[in-house]
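Below is model-v1.txt, which holds compact mmCIF, C-alpha atoms.
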```
# COMPACT_ATOMS: atom_id res chain seq x y z
CA MET I 1 -19.18 -3.63 0.28
CA LYS I 2 -17.90 -0.54 2.04
CA VAL I 3 -14.18 0.02 2.58
CA LYS I 4 -13.22 2.15 5.56
CA VAL I 5 -9.69 3.57 5.16
CA ILE I 6 -7.96 3.86 8.54
CA SER I 7 -4.68 5.77 8.85
CA VAL I 8 -2.48 4.49 11.67
CA LEU I 9 1.10 4.74 12.95
CA GLU I 10 3.30 7.04 10.86
CA ASP I 11 2.09 6.10 7.37
CA ASN I 12 0.28 2.74 7.57
CA TYR I 13 -3.22 1.83 6.49
CA MET I 14 -5.66 -0.65 7.95
CA TYR I 15 -8.89 -1.34 6.10
CA LEU I 16 -12.26 -2.29 7.55
CA VAL I 17 -14.35 -3.98 4.85
CA ILE I 18 -18.04 -3.96 5.74
CA GLU I 19 -20.73 -6.23 4.28
CA GLU I 20 -23.54 -3.69 4.41
CA ASN I 21 -26.47 -6.14 4.36
CA THR I 22 -25.35 -8.16 7.38
CA LYS I 23 -23.22 -5.48 9.09
CA GLU I 24 -20.44 -8.05 9.35
CA ALA I 25 -16.87 -6.94 8.65
CA VAL I 26 -13.33 -8.11 8.04
CA VAL I 27 -10.18 -6.11 8.65
CA VAL I 28 -7.08 -6.11 6.48
CA ASP I 29 -3.82 -5.69 8.46
CA ALA I 30 -4.92 -5.04 12.03
CA ALA I 31 -1.95 -3.02 13.25
CA VAL I 32 -3.59 -0.84 15.92
CA PRO I 33 -6.36 -2.72 17.75
CA LYS I 34 -7.58 0.16 19.94
CA ARG I 35 -8.22 2.37 16.91
CA LEU I 36 -9.89 -0.49 15.06
CA LEU I 37 -12.20 -1.31 17.96
CA GLU I 38 -13.29 2.33 18.16
CA ILE I 39 -14.31 2.26 14.49
CA VAL I 40 -15.99 -1.16 14.76
CA ARG I 41 -18.15 0.23 17.56
CA LYS I 42 -18.84 3.49 15.70
CA GLU I 43 -19.87 1.63 12.53
CA GLY I 44 -22.01 -0.81 14.51
CA VAL I 45 -20.53 -3.89 12.83
CA THR I 46 -19.47 -7.36 13.95
CA LEU I 47 -15.83 -8.21 13.26
CA LYS I 48 -15.59 -11.72 11.78
CA ALA I 49 -12.03 -12.05 10.48
CA ILE I 50 -8.57 -10.56 10.04
CA LEU I 51 -6.84 -10.84 6.68
CA THR I 52 -3.12 -10.27 7.22
CA THR I 53 -0.92 -9.52 4.21
CA HIS I 54 2.38 -10.29 5.98
CA HIS I 55 3.95 -10.77 9.38
CA HIS I 56 5.69 -7.40 9.86
CA TRP I 57 4.67 -5.78 13.14
CA ASP I 58 3.18 -2.68 11.51
CA HIS I 59 0.65 -4.91 9.73
CA ALA I 60 0.01 -7.72 12.20
CA ARG I 61 0.75 -6.57 15.72
CA GLY I 62 -2.91 -6.25 16.74
CA ASN I 63 -3.88 -9.84 15.95
CA GLU I 64 -3.31 -11.35 19.40
CA GLU I 65 -5.15 -8.59 21.26
CA LEU I 66 -8.12 -8.75 18.91
CA ALA I 67 -8.24 -12.53 19.19
CA LYS I 68 -8.62 -12.09 22.98
CA VAL I 69 -11.48 -9.63 22.51
CA TYR I 70 -13.18 -11.88 19.91
CA PRO I 71 -12.44 -15.54 20.79
CA GLU I 72 -14.18 -16.77 17.60
CA LEU I 73 -12.21 -14.44 15.35
CA GLN I 74 -10.67 -16.04 12.26
CA VAL I 75 -7.16 -14.89 11.32
CA TYR I 76 -6.05 -15.58 7.75
CA GLY I 77 -2.57 -15.33 6.26
CA ALA I 78 0.12 -17.26 4.43
CA ASP I 79 2.97 -17.10 6.94
CA GLU I 80 3.41 -19.00 10.20
CA ARG I 81 5.06 -15.88 11.64
CA ILE I 82 1.68 -14.09 11.68
CA GLY I 83 0.37 -13.77 15.21
CA ALA I 84 -2.85 -15.59 16.23
CA LEU I 85 -3.05 -17.26 12.80
CA THR I 86 -6.00 -19.68 12.57
CA HIS I 87 -6.23 -20.28 8.80
CA LYS I 88 -3.16 -20.57 6.58
CA VAL I 89 -4.28 -19.71 3.05
CA THR I 90 -2.78 -20.60 -0.32
CA HIS I 91 -2.60 -18.96 -3.76
CA ASN I 92 -5.99 -18.61 -5.48
CA GLU I 93 -7.86 -19.94 -2.44
CA GLU I 94 -11.26 -18.28 -2.19
CA LEU I 95 -13.06 -17.16 0.97
CA LYS I 96 -16.56 -15.80 1.45
CA PHE I 97 -17.92 -13.37 4.02
CA GLY I 98 -21.62 -12.80 3.35
CA ASP I 99 -21.78 -11.40 -0.19
CA ILE I 100 -18.08 -10.51 -0.20
CA ASN I 101 -15.85 -12.87 -2.17
CA VAL I 102 -12.11 -12.94 -1.45
CA ARG I 103 -9.41 -14.46 -3.64
CA CYS I 104 -6.03 -14.91 -1.96
CA LEU I 105 -3.09 -13.97 -4.21
CA PHE I 106 0.33 -15.18 -3.11
CA THR I 107 2.99 -12.53 -3.83
CA PRO I 108 6.26 -13.52 -2.14
CA CYS I 109 9.19 -11.07 -2.26
CA HIS I 110 8.75 -8.30 0.31
CA THR I 111 8.38 -11.24 2.66
CA SER I 112 8.43 -14.91 1.73
CA GLY I 113 4.83 -15.28 2.95
CA HIS I 114 3.17 -12.18 1.53
CA MET I 115 -0.48 -12.53 0.50
CA CYS I 116 -2.69 -9.98 -1.27
CA TYR I 117 -6.47 -10.10 -1.14
CA PHE I 118 -8.77 -9.45 -4.11
CA MET I 119 -12.40 -8.75 -3.13
CA TRP I 120 -15.61 -8.39 -5.08
CA GLU I 121 -19.37 -8.84 -4.83
CA GLU I 122 -21.41 -10.69 -7.42
CA ASN I 123 -23.78 -8.55 -9.49
CA SER I 124 -22.45 -5.34 -7.95
CA PRO I 125 -21.84 -2.18 -10.01
CA ASP I 126 -18.89 -1.34 -7.78
CA ALA I 127 -15.36 -2.09 -8.96
CA PRO I 128 -13.47 -4.91 -7.22
CA ALA I 129 -10.81 -4.07 -4.63
CA LEU I 130 -7.23 -5.24 -4.19
CA PHE I 131 -5.58 -5.04 -0.79
CA SER I 132 -1.96 -5.19 -1.86
CA GLY I 133 -0.09 -4.79 1.43
CA ASP I 134 3.57 -4.03 0.75
CA THR I 135 3.71 -5.62 -2.71
CA LEU I 136 2.13 -2.89 -4.84
CA PHE I 137 1.98 0.75 -3.77
CA ILE I 138 0.53 3.74 -5.55
CA GLY I 139 3.40 4.62 -7.89
CA GLY I 140 5.75 1.97 -6.47
CA CYS I 141 6.36 -1.52 -5.13
CA GLY I 142 7.70 -3.03 -1.93
CA LYS I 143 11.34 -3.66 -1.05
CA PHE I 144 12.71 -7.10 -1.86
CA PHE I 145 13.45 -8.05 1.77
CA GLU I 146 13.00 -11.82 1.40
CA GLY I 147 12.75 -12.35 -2.33
CA THR I 148 14.00 -11.60 -5.81
CA ALA I 149 13.32 -9.35 -8.79
CA GLU I 150 12.03 -12.43 -10.63
CA GLN I 151 9.39 -12.93 -7.95
CA MET I 152 8.33 -9.28 -7.91
CA TYR I 153 8.09 -9.20 -11.70
CA LYS I 154 5.74 -12.20 -11.60
CA ASN I 155 3.75 -10.56 -8.79
CA LEU I 156 3.28 -7.30 -10.67
CA THR I 157 2.69 -8.65 -14.17
CA GLU I 158 1.22 -12.16 -14.01
CA ILE I 159 -0.71 -11.95 -10.73
CA LEU I 160 -1.73 -8.41 -9.77
CA GLY I 161 -1.27 -6.84 -13.20
CA ALA I 162 -3.65 -9.39 -14.73
CA LEU I 163 -6.60 -8.32 -12.55
CA PRO I 164 -9.44 -6.24 -14.06
CA LYS I 165 -8.14 -2.78 -14.91
CA ASP I 166 -10.87 -1.02 -12.91
CA THR I 167 -9.71 -2.76 -9.71
CA LYS I 168 -9.26 -0.28 -6.86
CA VAL I 169 -5.82 -0.54 -5.24
CA PHE I 170 -5.68 -0.22 -1.44
CA CYS I 171 -2.03 -0.48 -0.39
CA GLY I 172 -0.34 -0.81 2.99
CA HIS I 173 1.39 2.58 3.26
CA GLU I 174 1.01 6.23 2.32
CA TYR I 175 4.16 6.46 0.19
CA THR I 176 2.55 8.10 -2.83
CA VAL I 177 4.34 11.46 -2.97
CA ARG I 178 7.74 9.87 -2.38
CA ASN I 179 7.07 7.17 -4.98
CA LEU I 180 5.92 9.64 -7.61
CA LYS I 181 8.94 11.89 -7.08
CA PHE I 182 11.04 8.87 -7.98
CA ALA I 183 8.74 8.07 -10.92
CA LEU I 184 9.31 11.62 -12.19
CA LYS I 185 13.06 11.08 -12.02
CA VAL I 186 12.62 7.89 -14.08
CA GLU I 187 10.27 9.50 -16.62
CA PRO I 188 10.60 13.30 -16.42
CA GLU I 189 8.37 13.78 -19.48
CA ASN I 190 5.53 11.56 -18.28
CA GLU I 191 2.46 13.80 -17.97
CA SER I 192 0.53 11.19 -15.99
CA VAL I 193 3.26 11.21 -13.34
CA LYS I 194 3.24 15.01 -13.16
CA LYS I 195 -0.53 15.21 -12.76
CA LYS I 196 -0.74 12.45 -10.18
CA LEU I 197 2.15 13.93 -8.18
CA ALA I 198 0.54 17.38 -8.12
CA TRP I 199 -2.72 15.80 -6.95
CA ALA I 200 -0.96 13.67 -4.31
CA LYS I 201 0.88 16.71 -2.91
CA LEU I 202 -2.43 18.52 -2.44
CA ARG I 203 -3.88 15.49 -0.65
CA ASP I 204 -0.76 15.29 1.51
CA ASP I 205 -0.95 18.98 2.40
CA GLU I 206 -4.52 18.45 3.57
CA ASP I 207 -3.57 15.26 5.45
CA LEU I 208 -5.90 13.17 3.26
CA PRO I 209 -5.23 9.64 1.97
CA THR I 210 -4.26 9.04 -1.65
CA VAL I 211 -5.82 5.56 -1.66
CA PRO I 212 -7.34 4.03 -3.61
CA SER I 213 -5.89 4.29 -7.08
CA THR I 214 -6.90 1.93 -9.86
CA LEU I 215 -4.83 -0.69 -11.61
CA GLN I 216 -5.41 1.10 -14.92
CA GLU I 217 -3.96 4.32 -13.47
CA GLU I 218 -0.91 2.49 -12.12
CA PHE I 219 0.07 1.35 -15.61
CA HIS I 220 0.32 5.02 -16.63
CA TYR I 221 2.61 6.30 -13.86
CA ASN I 222 4.06 3.44 -11.80
CA PRO I 223 7.56 2.71 -13.19
CA PHE I 224 7.55 -0.81 -11.72
CA LEU I 225 4.60 -1.64 -14.00
CA ARG I 226 6.22 0.11 -16.97
CA VAL I 227 9.41 -1.93 -17.36
CA SER I 228 8.81 -2.39 -21.10
CA GLU I 229 8.61 1.35 -21.76
CA GLU I 230 11.56 2.84 -23.63
CA ALA I 231 12.04 5.71 -21.18
CA VAL I 232 12.17 3.35 -18.19
CA GLN I 233 14.63 1.06 -19.94
CA LYS I 234 16.79 4.05 -20.87
CA PHE I 235 16.83 5.20 -17.23
CA THR I 236 17.99 1.79 -16.00
CA GLY I 237 20.33 0.99 -18.90
CA GLN I 238 18.59 -2.41 -19.16
CA THR I 239 16.11 -3.94 -21.60
CA ALA I 240 15.18 -7.35 -20.16
CA PRO I 241 12.07 -6.76 -17.98
CA VAL I 242 13.40 -8.45 -14.83
CA ALA I 243 16.74 -6.62 -15.14
CA VAL I 244 14.87 -3.32 -15.55
CA LEU I 245 12.81 -4.05 -12.43
CA ARG I 246 15.89 -5.02 -10.43
CA ALA I 247 17.71 -1.85 -11.47
CA LEU I 248 14.66 0.28 -10.65
CA ARG I 249 14.42 -1.18 -7.17
CA THR I 250 18.12 -0.54 -6.54
CA GLU I 251 17.75 3.06 -7.72
CA LYS I 252 14.63 3.53 -5.58
CA ASP I 253 16.39 2.13 -2.51
CA ASN I 254 19.07 4.79 -2.94
CA PHE I 255 16.68 7.58 -3.90
CA LYS I 256 16.58 10.63 -1.71
CA LYS I 257 13.67 12.94 -2.26
CA PRO I 258 14.76 16.46 -3.23
CA LYS I 259 15.39 18.71 -0.25
CA GLU I 260 12.86 21.45 0.22
CA ARG I 261 14.46 24.83 -0.44
CA LEU I 262 14.28 27.35 2.37
CA THR I 263 12.09 30.37 1.71
CA PRO I 264 13.84 33.72 1.24
CA GLN I 265 12.46 34.79 4.62
CA ALA I 266 14.00 31.76 6.33
CA MET I 267 17.34 32.39 4.60
CA LEU I 268 17.35 35.96 5.90
CA ALA I 269 16.49 34.75 9.40
CA PHE I 270 19.51 32.42 9.34
CA GLU I 271 21.74 35.24 8.08
CA TRP I 272 20.53 37.55 10.83
CA GLY I 273 21.03 34.86 13.47
CA LEU I 274 17.40 34.80 14.52
CA PHE I 275 17.44 31.01 14.89
CA GLY I 276 20.52 31.12 17.11
CA PRO I 277 18.72 30.79 20.46
CA PHE I 278 16.96 27.64 19.23
CA MET I 279 19.82 25.86 17.49
CA GLY I 280 21.59 24.82 20.67
CA LYS I 281 18.51 23.32 22.28
CA LYS I 282 18.09 19.54 22.30
```

This structure in structure tokens:
Amino acid sequence: MKVKVISVLEDNYMYLVIEENTKEAVVVDAAVPKRLLEIVRKEGVTLKAILTTHHHWDHARGNEELAKVYPELQVYGADERIGALTHKVTHNEELKFGDINVRCLFTPCHTSGHMCYFMWEENSPDAPALFSGDTLFIGGCGKFFEGTAEQMYKNLTEILGALPKDTKVFCGHEYTVRNLKFALKVEPENESVKKKLAWAKLRDDEDLPTVPSTLQEEFHYNPFLRVSEEAVQKFTGQTAPVAVLRALRTEKDNFKKPKERLTPQAMLAFEWGLFGPFMGKK
């Protein structure tokens, strides 16, 4: 099982999962069909199915176009709002594509029909993979657009958090630096947060993806998985896990990443009026 990480739009990810023996593939969240088709051709694979985490356009907008290109294409998801849907899946339903096993994990909250996909191969030394859409991010979780803190707590602890700790986490967006800056505000003494943030900034500077992480790593630096930790509870002023999670999400929604300070050279340029000719231009 080979996972091809595809950066699209401003900060989205699509994933092409290739069954290397048969050269058949499935795509998770087909947002940009032209880009996907280029990679399908380059990899020399046959696209068999789309697994859509949720109906938002930046995850599902390519479904209809791809269904026209591949009339036999199967489109899986848990929400009738997903375009070109052919198979509505349910929690714990299992699918199989060659040697690749898929377990569908229903995680409503970001949207009421959000589905994550857990993939593995039997007798493989490789760790399993979780495609978590907008439920679990590296260092964060999704906004509660159509659900509650109770739902997200269940998603993160009972469903996703209960998966094998070596599971690789492939999320729907590149939000890692922003998420970890918030995590550092929550736990300023957490060394795992500091190290991961420094690493993520380097990746960001080089325009490289920060995915995947592992579930085990997330428990060390993701505040939304650390609601029982004393420092996180102190930050929120709450102790009940769901209340802590709710307070964290509210704080994150209002969080503004620290402004980058101007360099001394830039400050001097402003003082000398060197930017004047450019400031009035639209």

*Can you tell me, as a VMD selection string, what residues are no more than 9 Å from I:Lys154 when counting only C-alpha atoms, ignoring any on the same chain fewer than 6 positions away?*
chain I and resid 107 160 to 161

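Among the candidates I:Phe131, I:Tyr175, I:Phe219, I:Phe106, the residue lying nearest to I:Asp79 is I:Phe106 (atoms considered: all atoms listed in the file).
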
Got a sec: who's within 6 Å of I:Thr214, counting all atoms listed in the file, leaving out chain neighbours fewer than 4 positions off, as a tab-separated table (two decimals) with C-alpha atoms, keeping the file's coordinate frame?
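selection-v2.tsv, freshly written:
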```
chain	number	residue	atom	x	y	z
I	166	ASP	CA	-10.87	-1.02	-12.91
I	167	THR	CA	-9.71	-2.76	-9.71
I	168	LYS	CA	-9.26	-0.28	-6.86
I	169	VAL	CA	-5.82	-0.54	-5.24
```

*Residue among I:Thr236, I:Thr53, I:Ser112, I:Asn92 lying closest to I:Tyr76, counting only C-alpha atoms*: I:Thr53

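When all atoms listed in the file are used to measure the gap to I:Val32, the shortest distance among I:Asn155, I:Asn101, I:Gln238, I:Asn63 belongs to I:Asn63.
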
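Computed from the coordinates, the atom CA of I:Gly237 to atom CA of I:Gly142 distance equals 21.5 Å.
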
*List the neighbours of I:Val69 out to 10 Å using only C-alpha atoms; skip same-chain residues closer than 5 positions along the sequence, and give me the result as a PyMOL selection string.*
chain I and resi 33+37+64
